[in-house]
Structures are given as structure tokens and as C-alpha cells.
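Engineer: Got a file for you: my_file36.txt, compact mmCIF, C-alpha atoms (C1' of nucleotides).
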# COMPACT_ATOMS: atom_id res chain seq x y z
CA MET A 109 -42.84 -6.51 -21.82
CA GLU A 110 -43.93 -9.89 -20.56
CA PRO A 111 -44.22 -10.09 -16.81
CA ASP A 112 -42.38 -13.38 -16.47
CA ILE A 113 -39.28 -12.15 -18.27
CA LEU A 114 -36.57 -10.00 -16.79
CA GLU A 115 -34.88 -7.64 -19.18
CA LEU A 116 -31.31 -7.73 -18.03
CA GLU A 117 -30.21 -4.70 -20.02
CA SER A 118 -32.58 -2.46 -18.15
CA PHE A 119 -32.37 -4.09 -14.74
CA LEU A 120 -31.09 -1.45 -12.34
CA PRO A 121 -28.52 -3.49 -10.36
CA TYR A 122 -27.03 -4.87 -13.55
CA ARG A 123 -26.91 -1.55 -15.33
CA LEU A 124 -25.39 0.18 -12.37
CA TYR A 125 -22.78 -2.46 -11.87
CA ARG A 126 -21.80 -2.51 -15.49
CA LEU A 127 -21.50 1.24 -15.58
CA ALA A 128 -19.45 1.47 -12.40
CA ASP A 129 -17.25 -1.34 -13.57
CA ALA A 130 -16.58 0.34 -16.88
CA VAL A 131 -15.87 3.72 -15.31
CA SER A 132 -13.68 2.24 -12.64
CA ARG A 133 -11.80 0.11 -15.11
CA GLU A 134 -11.21 3.07 -17.33
CA PHE A 135 -10.05 5.23 -14.46
CA SER A 136 -7.85 2.53 -13.01
CA ARG A 137 -5.66 2.80 -16.05
CA VAL A 138 -4.60 6.18 -14.74
CA TYR A 139 -3.07 4.89 -11.53
CA LYS A 140 -2.25 1.42 -12.74
CA GLU A 141 -0.17 2.56 -15.66
CA ARG A 142 1.38 5.40 -13.76
CA HIS A 143 2.50 3.60 -10.60
CA GLY A 144 1.18 0.08 -10.74
CA LEU A 145 -1.27 0.66 -7.92
CA THR A 146 -4.26 -1.53 -7.21
CA ARG A 147 -7.60 0.05 -6.41
CA PRO A 148 -7.28 -0.47 -2.65
CA GLU A 149 -3.84 1.05 -2.77
CA TRP A 150 -5.08 4.01 -4.71
CA ARG A 151 -7.90 4.57 -2.26
CA THR A 152 -5.51 4.39 0.64
CA LEU A 153 -3.20 6.92 -0.94
CA SER A 154 -6.13 9.11 -1.73
CA GLY A 155 -7.60 8.90 1.76
CA LEU A 156 -4.37 9.75 3.50
CA GLY A 157 -3.58 12.53 1.06
CA GLN A 158 -6.95 14.05 1.72
CA ARG A 159 -7.06 13.73 5.48
CA GLY A 160 -3.41 13.72 6.46
CA THR A 161 -3.50 11.08 9.15
CA MET A 162 -5.81 8.17 9.75
CA THR A 163 -5.93 4.81 11.42
CA ALA A 164 -6.58 1.68 9.38
CA THR A 165 -10.10 1.46 10.72
CA GLU A 166 -10.88 5.03 9.76
CA LEU A 167 -9.47 4.38 6.33
CA GLY A 168 -11.75 1.44 5.91
CA GLU A 169 -14.76 3.49 6.86
CA GLN A 170 -13.91 6.41 4.67
CA SER A 171 -13.17 4.42 1.58
CA ALA A 172 -15.59 1.53 2.01
CA MET A 173 -12.96 -1.17 2.13
CA HIS A 174 -12.88 -4.38 4.08
CA LYS A 175 -10.20 -4.37 6.73
CA THR A 176 -8.17 -7.03 5.00
CA LYS A 177 -7.99 -4.88 1.91
CA VAL A 178 -6.85 -1.94 4.00
CA SER A 179 -4.28 -4.06 5.78
CA ARG A 180 -2.78 -5.29 2.54
CA ALA A 181 -2.84 -1.92 0.83
CA VAL A 182 -1.15 -0.27 3.81
CA ALA A 183 1.50 -2.97 3.87
CA GLU A 184 2.27 -2.43 0.21
CA LEU A 185 2.45 1.36 0.48
CA GLU A 186 4.69 0.98 3.48
CA ARG A 187 6.94 -1.32 1.50
CA ARG A 188 7.23 1.41 -1.11
CA ARG A 189 8.01 3.87 1.67
CA TRP A 190 5.00 5.95 0.77
CA LEU A 191 3.58 5.88 4.28
CA THR A 192 4.69 5.40 7.85
CA ARG A 193 2.97 4.02 10.92
CA THR A 194 3.10 5.68 14.30
CA PRO A 195 1.84 3.76 17.31
CA ASP A 196 -0.86 5.43 19.34
CA GLU A 197 0.23 6.72 22.75
CA ASN A 198 -2.78 5.51 24.66
CA ASP A 199 -3.93 2.44 22.77
CA ARG A 200 -1.16 0.24 21.56
CA ARG A 201 -3.39 -1.63 19.14
CA VAL A 202 -3.83 1.47 17.05
CA GLU A 203 -1.46 2.89 14.47
CA HIS A 204 -1.66 6.32 12.91
CA LEU A 205 -0.85 6.27 9.23
CA ALA A 206 0.57 9.18 7.27
CA LEU A 207 2.15 9.67 3.88
CA THR A 208 5.86 10.24 3.55
CA LYS A 209 7.27 12.88 1.24
CA ALA A 210 7.39 10.32 -1.54
CA GLY A 211 3.81 9.29 -0.89
CA LEU A 212 2.67 12.87 -0.84
CA ALA A 213 4.47 13.53 -4.08
CA ALA A 214 2.67 10.63 -5.72
CA TYR A 215 -0.61 11.89 -4.35
CA ARG A 216 -0.06 15.40 -5.65
CA GLU A 217 0.70 13.95 -9.01
CA MET A 218 -2.46 11.85 -9.06
CA VAL A 219 -4.98 14.47 -8.00
CA PRO A 220 -5.03 16.50 -11.20
CA LEU A 221 -5.25 13.32 -13.26
CA ALA A 222 -8.25 12.16 -11.27
CA LYS A 223 -9.95 15.50 -11.56
CA ALA A 224 -9.27 15.62 -15.25
CA PHE A 225 -10.78 12.18 -15.71
CA GLU A 226 -13.94 13.11 -13.88
CA GLY A 227 -14.05 16.45 -15.66
CA GLU A 228 -13.84 14.88 -19.08
CA LEU A 229 -16.63 12.50 -18.30
CA LEU A 230 -18.90 15.25 -17.00
CA ALA A 231 -17.97 17.50 -19.89
CA ARG A 232 -19.69 15.10 -22.26
CA MET A 233 -23.01 15.77 -20.61
CA SER A 234 -25.43 18.65 -20.64
CA ALA A 235 -25.97 20.65 -17.47
CA ASP A 236 -29.33 18.96 -17.02
CA GLU A 237 -27.77 15.56 -17.30
CA ARG A 238 -25.10 16.42 -14.77
CA ALA A 239 -27.81 17.52 -12.39
CA ALA A 240 -29.66 14.27 -12.98
CA VAL A 241 -26.51 12.31 -12.23
CA ALA A 242 -26.07 14.12 -8.94
CA THR A 243 -29.69 13.76 -7.92
CA GLY A 244 -29.97 10.19 -9.08
CA ILE A 245 -26.89 8.94 -7.30
CA ALA A 246 -27.83 10.70 -4.09
CA ALA A 247 -31.30 9.22 -4.28
CA MET A 248 -29.99 5.72 -4.76
CA GLU A 249 -27.56 6.09 -1.93
CA ARG A 250 -30.31 7.21 0.34
CA ALA A 251 -32.74 4.54 -0.80
CA LEU A 252 -30.16 1.89 -0.18
CA GLU A 253 -29.48 3.13 3.34
CA GLU A 254 -33.12 2.81 4.21
CA LYS A 255 -33.37 -0.63 2.75
CA SER A 256 -31.26 -2.20 5.44
CA MET B 145 -12.39 23.04 -1.56
CA GLU B 146 -8.66 23.23 -2.09
CA PRO B 147 -7.64 22.49 -5.64
CA ASP B 148 -4.82 20.14 -4.73
CA ILE B 149 -7.04 17.86 -2.68
CA LEU B 150 -9.36 15.22 -4.04
CA GLU B 151 -12.46 14.61 -2.03
CA LEU B 152 -12.90 10.88 -2.33
CA GLU B 153 -16.45 10.83 -0.98
CA SER B 154 -17.69 12.96 -3.84
CA PHE B 155 -15.45 11.61 -6.58
CA LEU B 156 -17.73 10.19 -9.24
CA PRO B 157 -15.94 6.92 -10.04
CA TYR B 158 -15.62 6.10 -6.36
CA ARG B 159 -19.17 6.97 -5.52
CA LEU B 160 -20.53 5.06 -8.43
CA TYR B 161 -18.49 2.00 -7.66
CA ARG B 162 -19.41 1.99 -4.02
CA LEU B 163 -23.06 2.34 -4.85
CA ALA B 164 -23.06 -0.40 -7.46
CA ASP B 165 -21.12 -2.65 -5.17
CA ALA B 166 -23.57 -2.17 -2.34
CA VAL B 167 -26.63 -2.70 -4.54
CA SER B 168 -25.12 -5.71 -6.22
CA ARG B 169 -24.01 -7.22 -2.94
CA GLU B 170 -27.44 -6.73 -1.48
CA PHE B 171 -29.13 -8.22 -4.50
CA SER B 172 -26.72 -11.12 -4.70
CA ARG B 173 -28.12 -12.38 -1.44
CA VAL B 174 -31.28 -13.17 -3.33
CA TYR B 175 -29.70 -15.68 -5.69
CA LYS B 176 -26.83 -16.70 -3.48
CA GLU B 177 -28.98 -17.76 -0.60
CA ARG B 178 -31.59 -19.28 -2.82
CA HIS B 179 -29.46 -21.44 -5.07
CA GLY B 180 -25.84 -20.71 -4.31
CA LEU B 181 -25.28 -19.00 -7.65
CA THR B 182 -22.40 -16.67 -8.37
CA ARG B 183 -23.01 -13.45 -10.25
CA PRO B 184 -21.78 -14.78 -13.60
CA GLU B 185 -23.99 -17.81 -13.15
CA TRP B 186 -26.95 -15.66 -12.36
CA ARG B 187 -26.36 -13.51 -15.40
CA THR B 188 -26.09 -16.56 -17.58
CA LEU B 189 -29.31 -17.97 -16.25
CA SER B 190 -30.95 -14.62 -16.71
CA GLY B 191 -29.68 -14.13 -20.23
CA LEU B 192 -30.80 -17.53 -21.42
CA GLY B 193 -34.13 -17.21 -19.66
CA GLN B 194 -34.71 -13.94 -21.40
CA ARG B 195 -33.59 -14.84 -24.90
CA GLY B 196 -34.15 -18.57 -25.03
CA THR B 197 -31.02 -19.61 -26.92
CA MET B 198 -27.64 -18.01 -27.19
CA THR B 199 -24.05 -18.84 -27.94
CA ALA B 200 -21.37 -18.19 -25.34
CA THR B 201 -20.12 -15.20 -27.28
CA GLU B 202 -23.56 -13.65 -27.46
CA LEU B 203 -23.99 -14.24 -23.76
CA GLY B 204 -20.78 -12.41 -23.08
CA GLU B 205 -21.87 -9.45 -25.13
CA GLN B 206 -25.33 -9.26 -23.66
CA SER B 207 -24.26 -9.48 -20.06
CA ALA B 208 -20.90 -7.73 -20.24
CA MET B 209 -18.87 -10.70 -19.09
CA HIS B 210 -15.42 -11.78 -20.11
CA LYS B 211 -15.42 -15.02 -22.04
CA THR B 212 -13.69 -16.93 -19.27
CA LYS B 213 -16.46 -15.98 -16.89
CA VAL B 214 -19.04 -17.13 -19.38
CA SER B 215 -17.19 -20.36 -19.97
CA ARG B 216 -17.03 -21.18 -16.29
CA ALA B 217 -20.59 -20.15 -15.56
CA VAL B 218 -21.88 -22.25 -18.43
CA ALA B 219 -19.86 -25.23 -17.25
CA GLU B 220 -21.33 -24.94 -13.78
CA LEU B 221 -24.92 -24.59 -14.97
CA GLU B 222 -24.40 -27.54 -17.24
CA ARG B 223 -23.11 -29.54 -14.29
CA ARG B 224 -26.34 -28.74 -12.49
CA ARG B 225 -28.24 -29.78 -15.60
CA TRP B 226 -29.78 -26.36 -15.91
CA LEU B 227 -28.65 -25.93 -19.48
CA THR B 228 -27.65 -27.96 -22.50
CA ARG B 229 -25.30 -27.32 -25.39
CA THR B 230 -26.19 -28.05 -28.98
CA PRO B 231 -23.43 -27.91 -31.57
CA ASP B 232 -24.03 -25.61 -34.50
CA GLU B 233 -24.72 -27.30 -37.80
CA ASN B 234 -22.49 -25.15 -39.93
CA ASP B 235 -19.77 -24.03 -37.59
CA ARG B 236 -18.46 -26.69 -35.29
CA ARG B 237 -16.76 -24.20 -32.99
CA VAL B 238 -20.09 -22.78 -31.92
CA GLU B 239 -22.51 -24.17 -29.38
CA HIS B 240 -26.06 -23.05 -28.83
CA LEU B 241 -27.00 -22.90 -25.20
CA ALA B 242 -30.49 -23.30 -23.80
CA LEU B 243 -32.03 -23.86 -20.40
CA THR B 244 -33.44 -27.23 -19.45
CA LYS B 245 -36.74 -27.58 -17.66
CA ALA B 246 -34.96 -27.38 -14.35
CA GLY B 247 -33.07 -24.28 -15.44
CA LEU B 248 -36.21 -22.64 -16.66
CA ALA B 249 -37.94 -23.43 -13.40
CA ALA B 250 -35.14 -21.75 -11.47
CA TYR B 251 -35.34 -18.78 -13.80
CA ARG B 252 -39.07 -18.42 -13.37
CA GLU B 253 -38.59 -18.51 -9.64
CA MET B 254 -35.92 -15.80 -9.71
CA VAL B 255 -37.63 -13.27 -11.93
CA PRO B 256 -40.26 -12.06 -9.46
CA LEU B 257 -37.63 -11.83 -6.74
CA ALA B 258 -35.44 -9.68 -8.93
CA LYS B 259 -38.31 -7.45 -9.90
CA ALA B 260 -39.37 -7.12 -6.29
CA PHE B 261 -35.88 -6.11 -5.30
CA GLU B 262 -35.69 -3.42 -7.93
CA GLY B 263 -39.21 -2.32 -7.14
CA GLU B 264 -38.50 -1.88 -3.46
CA LEU B 265 -35.46 0.19 -4.18
CA LEU B 266 -37.31 2.45 -6.58
CA ALA B 267 -40.27 2.69 -4.25
CA ARG B 268 -38.13 4.55 -1.77
CA MET B 269 -37.68 7.38 -4.20
CA SER B 270 -39.89 10.15 -5.43
CA ALA B 271 -41.01 10.19 -9.04
CA ASP B 272 -38.56 13.00 -9.73
CA GLU B 273 -35.75 11.03 -8.25
CA ARG B 274 -36.61 7.98 -10.30
CA ALA B 275 -36.56 10.12 -13.40
CA ALA B 276 -33.18 11.51 -12.40
CA VAL B 277 -31.84 8.00 -11.94
CA ALA B 278 -32.97 7.03 -15.42
CA THR B 279 -31.63 10.18 -17.05
CA GLY B 280 -28.39 10.13 -15.08
CA ILE B 281 -27.50 6.55 -15.80
CA ALA B 282 -28.30 6.90 -19.46
CA ALA B 283 -26.17 10.03 -19.64
CA MET B 284 -23.22 8.33 -18.00
CA GLU B 285 -23.49 5.34 -20.26
CA ARG B 286 -23.48 7.56 -23.28
CA ALA B 287 -20.65 9.74 -22.01
CA LEU B 288 -18.56 6.69 -21.37
CA GLU B 289 -19.13 5.34 -24.85
CA GLU B 290 -17.85 8.56 -26.35
CA LYS B 291 -14.81 8.61 -24.14
CA SER B 292 -13.20 5.65 -25.81
C1' DC C 295 -8.34 -8.04 40.77
C1' DC C 296 -9.57 -11.46 37.06
C1' DA C 297 -12.11 -13.62 33.52
C1' DA C 298 -14.84 -12.78 29.62
C1' DA C 299 -16.18 -9.96 25.84
C1' DC C 300 -14.53 -6.70 22.55
C1' DT C 301 -11.57 -4.14 19.29
C1' DG C 302 -7.59 -2.94 15.95
C1' DG C 303 -5.18 -5.20 12.87
C1' DT C 304 -2.87 -9.35 10.51
C1' DT C 305 -2.74 -13.90 8.50
C1' DT C 306 -4.44 -18.18 6.46
C1' DC C 307 -7.13 -20.57 3.26
C1' DA C 308 -10.49 -21.25 -0.29
C1' DT C 309 -12.77 -18.97 -4.05
C1' DT C 310 -13.01 -15.67 -7.79
C1' DT C 311 -10.95 -13.16 -11.21
C1' DG C 312 -7.93 -11.60 -15.27
C1' DT C 313 -4.27 -12.47 -18.56
C1' DA C 314 -2.31 -15.09 -21.64
C1' DA C 315 -1.59 -19.22 -23.79
C1' DC C 316 -3.89 -22.68 -25.95
C1' DC C 317 -6.86 -26.02 -29.16
C1' DA C 318 -9.90 -26.66 -32.80
C1' DT C 319 -12.14 -24.86 -36.60
C1' DT C 320 -13.11 -21.58 -40.21
C1' DG C 321 -12.26 -17.98 -43.77
C1' DA C 322 -9.25 -15.51 -46.77
C1' DA C 323 -5.20 -15.06 -49.59
C1' DA C 324 -1.56 -16.70 -52.41
C1' DT D 165 -4.49 -26.56 -52.23
C1' DT D 166 -1.69 -24.85 -48.62
C1' DT D 167 -0.75 -21.48 -45.45
C1' DC D 168 -1.86 -17.90 -42.37
C1' DA D 169 -4.83 -14.90 -39.75
C1' DA D 170 -9.03 -14.78 -37.19
C1' DT D 171 -12.66 -16.72 -34.14
C1' DG D 172 -15.34 -19.67 -30.51
C1' DG D 173 -14.31 -21.52 -26.55
C1' DT D 174 -11.37 -23.76 -22.69
C1' DT D 175 -7.52 -24.10 -19.59
C1' DA D 176 -3.39 -22.83 -16.72
C1' DC D 177 -1.39 -19.75 -13.86
C1' DA D 178 -0.94 -15.71 -11.05
C1' DA D 179 -3.10 -12.10 -8.55
C1' DA D 180 -7.08 -10.17 -5.93
C1' DT D 181 -10.74 -11.07 -2.77
C1' DG D 182 -13.68 -12.53 1.42
C1' DA D 183 -14.55 -15.28 5.44
C1' DA D 184 -13.02 -16.82 9.39
C1' DA D 185 -9.43 -17.71 12.57
C1' DC D 186 -6.16 -15.42 14.92
C1' DC D 187 -3.01 -12.33 18.06
C1' DA D 188 -2.26 -8.58 20.68
C1' DG D 189 -4.14 -5.26 23.64
C1' DT D 190 -8.39 -2.97 26.24
C1' DT D 191 -12.61 -2.64 28.52
C1' DT D 192 -16.29 -4.40 31.40
C1' DG D 193 -18.62 -6.86 35.07
C1' DG D 194 -18.50 -9.71 38.96
Using C-alpha cells, write down the structure from this file.
Structural biologist:
Amino acid sequence: MEPDILELESFLPYRLYRLADAVSREFSRVYKERHGLTRPEWRTLSGLGQRGTMTATELGEQSAMHKTKVSRAVAELERRRWLTRTPDENDRRVEHLALTKAGLAAYREMVPLAKAFEGELLARMSADERAAVATGIAAMERALEEKS
Amino acid sequence: MEPDILELESFLPYRLYRLADAVSREFSRVYKERHGLTRPEWRTLSGLGQRGTMTATELGEQSAMHKTKVSRAVAELERRRWLTRTPDENDRRVEHLALTKAGLAAYREMVPLAKAFEGELLARMSADERAAVATGIAAMERALEEKS
DNA sequence: CCAAACTGGTTTCATTTGTAACCATTGAAA
DNA sequence: TTTCAATGGTTACAAATGAAACCAGTTTGG
């Protein structure tokens, strides 16, 4: 292990990114093939299904998306009539977003698929490994927070 | 924890992606600010620095990049005169890529920065946590392999 | 009050990306 | 041989993304 060489295959940022990319790509087939959703759209659907009602800003915070992504995803789901916007009483800049019946139906259909995907992945690991995954991810999240 | 609700914040693919994205984005500042490199360009530089000489196909395999990304990254590094192409003797479709002096200099400058970045991140964790990260990532990589 | 700073959200534009088609070359098969 | 499938690599086109400008509206300070 020469000190002036970087071994890409074991470099943490690279490994992490490649892993996340592969998992995400694999999982995206679930919602892409089913309904032709993009990732931002899926996250929006998922966020609203989980919480019921949110503003675009809240959505962005919850699902770690830039506001332009949120804006575009919301526009597309609205076009499909999967969500509706209700202007806020007090602040007319704000809109409250909620799923329609159709949107909720799509959400209810997706949830078990998502859980199954995650379940299958975890099922290929030992209990110890699953614990390590949980600990490791939490540790990295925390370490990253501190870094900034 | 209702069974018909998916908690996005603890959903593995989402969490993993968000984490990788944040780490990668943070790290990208290192090479973006320093030389204005994109991620594919950085990976190309890194791969060639590490292995010395590679073909575009090998580069793609080593660094998990689609061949169009490789092609474009190589073209850009060539434009900067950081790498050169040498046609293969036996197979005229193949080119062997290698860093020039300038490319190697850039590589040598980047390596310690990359290692420092990774080191700082790991330094914010306990030894147990670092072990969990290693075990967890390896487990996920393996589990994902099996899945397909 | 009123101007300036700020905030929620959208749009514009340039860059990045992925897919598919493509070109040239090679290998295998008839 | 000649043809046909496969392979290394590039290019063209469409879609996804990010940064910054933008347009309401709202708040703050003088």
C-alpha cells in the first residue's frame, strides 16, 4: 500500500457512491416500470403518502431535494391528478399539497413493493451484518453532520 | 409503525443515497475547486494514476462508469494534455491511456487531499463504528451482487 | 407608512447524464 | 473468402439536474 497511491476501490466516498447508485438504480426499476416515475416524483409521492399534507419547502427538507426538483415533481404529479394544491389562508405564497384518491392509490400500491425490496436486500445478510449496516450508516451520517 | 406507511427517513435505499450524495458532494469540492474537474474526470485521473495504463473499457469497469462518461472524461483530460492515447499494436480498436507528466502531477497533488478527506471523516467515529462501516458496506455490496 | 431584506415557489439557461444509434475493426461461422 | 455477430469507442439526441435570476407576497426597521 504505497502512500502516494489512492486505491479507488476501497476509497470510502467512491465505494459509498457506487453502492448507493447501484441500490437506487435497482430500486428505481420498481417505480419506473410501474408508473414511469422519476426519483424526485417517487420521493414526493412517498413523502405526501407518509405525512398526508406538506408544503413544497417541507417536502424538500424531508426528502433532501433541491427546491427546483420539488417544484418540477409536484407539477408533474399535479398534471397526473395525483395531488392537489391548497393555498394557505394566512400566507399566500404557501401551498399545502396533498394526494388525491388516485395518488393515494398509487402510494398504497408502491409501499409493499418498496418494503419487499428492502426486505429482500436485508434478508441476504446475517443479523450481525444488518446491525453493522445500521450502526455504520448512522455513524457516517453523524460524522458528516459534524464535518460542516 | 403502521404497515401501510413507508417511513422515508429510515428507508435503506433513500438513506444510503442521501448519505452518498452528501459525502460525494462534499468531497467533490476538493477536486472541483482545485482543478475544475467533474466526477468522471476525477475518477479517470484517479484510475490512471493508480494503475498506470488502462484502456477505456478497463477504466469503465474499474470505476463503475458508463462508457460514454469514460469517453467524455478521457476527451477532456486529453484536451488538457493530462493523458495520451496509444493505439494497440494488435487490435486497432483499442487505445491505451496513460497520464502525462502534467496529469501525474495533478494526481500526486490530489491523493493526499483525498486521503485527508477520508481520514477526517473516519476520525469522527469510534473504532467500533469504523468497523461497522467496513462490515456494513461489504455486506451490502455482497447482498446486492446476489440480488441480480 | 415605506423601502429594503427575506421567503415560498417557479422559470430560464447551461451543463450533465443516459439511451440508442453509430463507425470501425475483429472474430467466428459457413 | 464472405458474411454476420460481437466489441471498443464516439456521437447525437432527449431528459434530468443545478445555479442563478426571477416573481409574488411578507416581514422588518427607520
Engineer: Please identify all polymer residues within 7 Å of range 229-239 of chain A, counting all atoms listed in the file, omitting same-chain residues fewer than 5 positions from it, and present them as a PyMOL selection string.
Structural biologist: chain B and resi 279-280+283+287-288
Engineer: Pick out the residues sitting within 10 Å of range 144-146 of chain A, and hand them over as a PyMOL selection string; count only C-alpha atoms (C1' of nucleotides), and ignore anything fewer than 6 positions along from it in its own chain.
Structural biologist: (chain A and resi 136-138+152-153+181+184-185) or (chain D and resi 180)
Engineer: List the residues sitting within 12 Å of (-23.1, -15.5, -14.9) in the file's frame, using only C-alpha atoms (C1' of nucleotides), as a PyMOL selection string.
Structural biologist: (chain A and resi 116+122) or (chain B and resi 172+175+181-192+200+203-221)
Engineer: CA of Ala130 in chain A to CA of Leu243 in chain B: how many Å, to one decimal?
Structural biologist: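 Between CA of Ala130 in chain A and CA of Leu243 in chain B the gap is 28.9 Å.
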Engineer: For chain A, report every residue with an atom at most 6 Å from chain B (counting only C-alpha atoms), formatted as a VMD selection string.
Structural biologist: chain A and resid 113 to 114 121 124 to 125 128 132 158 219 232 237 240 to 241 244 251
Engineer: Can you write out the residues you just picked, keeping C-alpha atoms, as a PDB file, keeping the file's coordinate frame?
Structural biologist:
ATOM      1  CA  ILE A 113     -39.280 -12.150 -18.270  1.00  0.00           C
ATOM      2  CA  LEU A 114     -36.570 -10.000 -16.790  1.00  0.00           C
ATOM      3  CA  PRO A 121     -28.520  -3.490 -10.360  1.00  0.00           C
ATOM      4  CA  LEU A 124     -25.390   0.180 -12.370  1.00  0.00           C
ATOM      5  CA  TYR A 125     -22.780  -2.460 -11.870  1.00  0.00           C
ATOM      6  CA  ALA A 128     -19.450   1.470 -12.400  1.00  0.00           C
ATOM      7  CA  SER A 132     -13.680   2.240 -12.640  1.00  0.00           C
ATOM      8  CA  GLN A 158      -6.950  14.050   1.720  1.00  0.00           C
ATOM      9  CA  VAL A 219      -4.980  14.470  -8.000  1.00  0.00           C
ATOM     10  CA  ARG A 232     -19.690  15.100 -22.260  1.00  0.00           C
ATOM     11  CA  GLU A 237     -27.770  15.560 -17.300  1.00  0.00           C
ATOM     12  CA  ALA A 240     -29.660  14.270 -12.980  1.00  0.00           C
ATOM     13  CA  VAL A 241     -26.510  12.310 -12.230  1.00  0.00           C
ATOM     14  CA  GLY A 244     -29.970  10.190  -9.080  1.00  0.00           C
ATOM     15  CA  ALA A 251     -32.740   4.540  -0.800  1.00  0.00           C
TER      16      ALA A 251
END
Engineer: Residues of chain C were defined as contacting chain B if any atom lay at most 9 Å from it, counting only C-alpha atoms (C1' of nucleotides); please report them as a count of residues only.
Structural biologist: 5
Engineer: Kindly indicate which residue among D:DT181, D:DT192, D:DT175, D:DT165 lies nearest to chain B, using all atoms listed in the file for the distances.
Structural biologist: D:DT175
Engineer: Could you tell me how far C1' of DA188 in chain D sits from C1' of DC307 in chain C, in Å to one decimal place?
Structural biologist: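 Answer for the C1' of DC307 in chain C to C1' of DA188 in chain D separation: 21.7 Å.
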Engineer: Please check the contacts: residues of chain D at most 12 Å away from chain A, using all atoms listed in the file, listed as number ranges by chain.
Structural biologist: D: 179-184, 187-191
Engineer: Fewer than 6 positions away in the same chain doesn't count, so skip those; otherwise give me all residues within 10 Å of DA323 in chain C, counting all atoms listed in the file, as a list of chain:residue names.
Structural biologist: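 Those residues are D:DT167, D:DC168, D:DA169.
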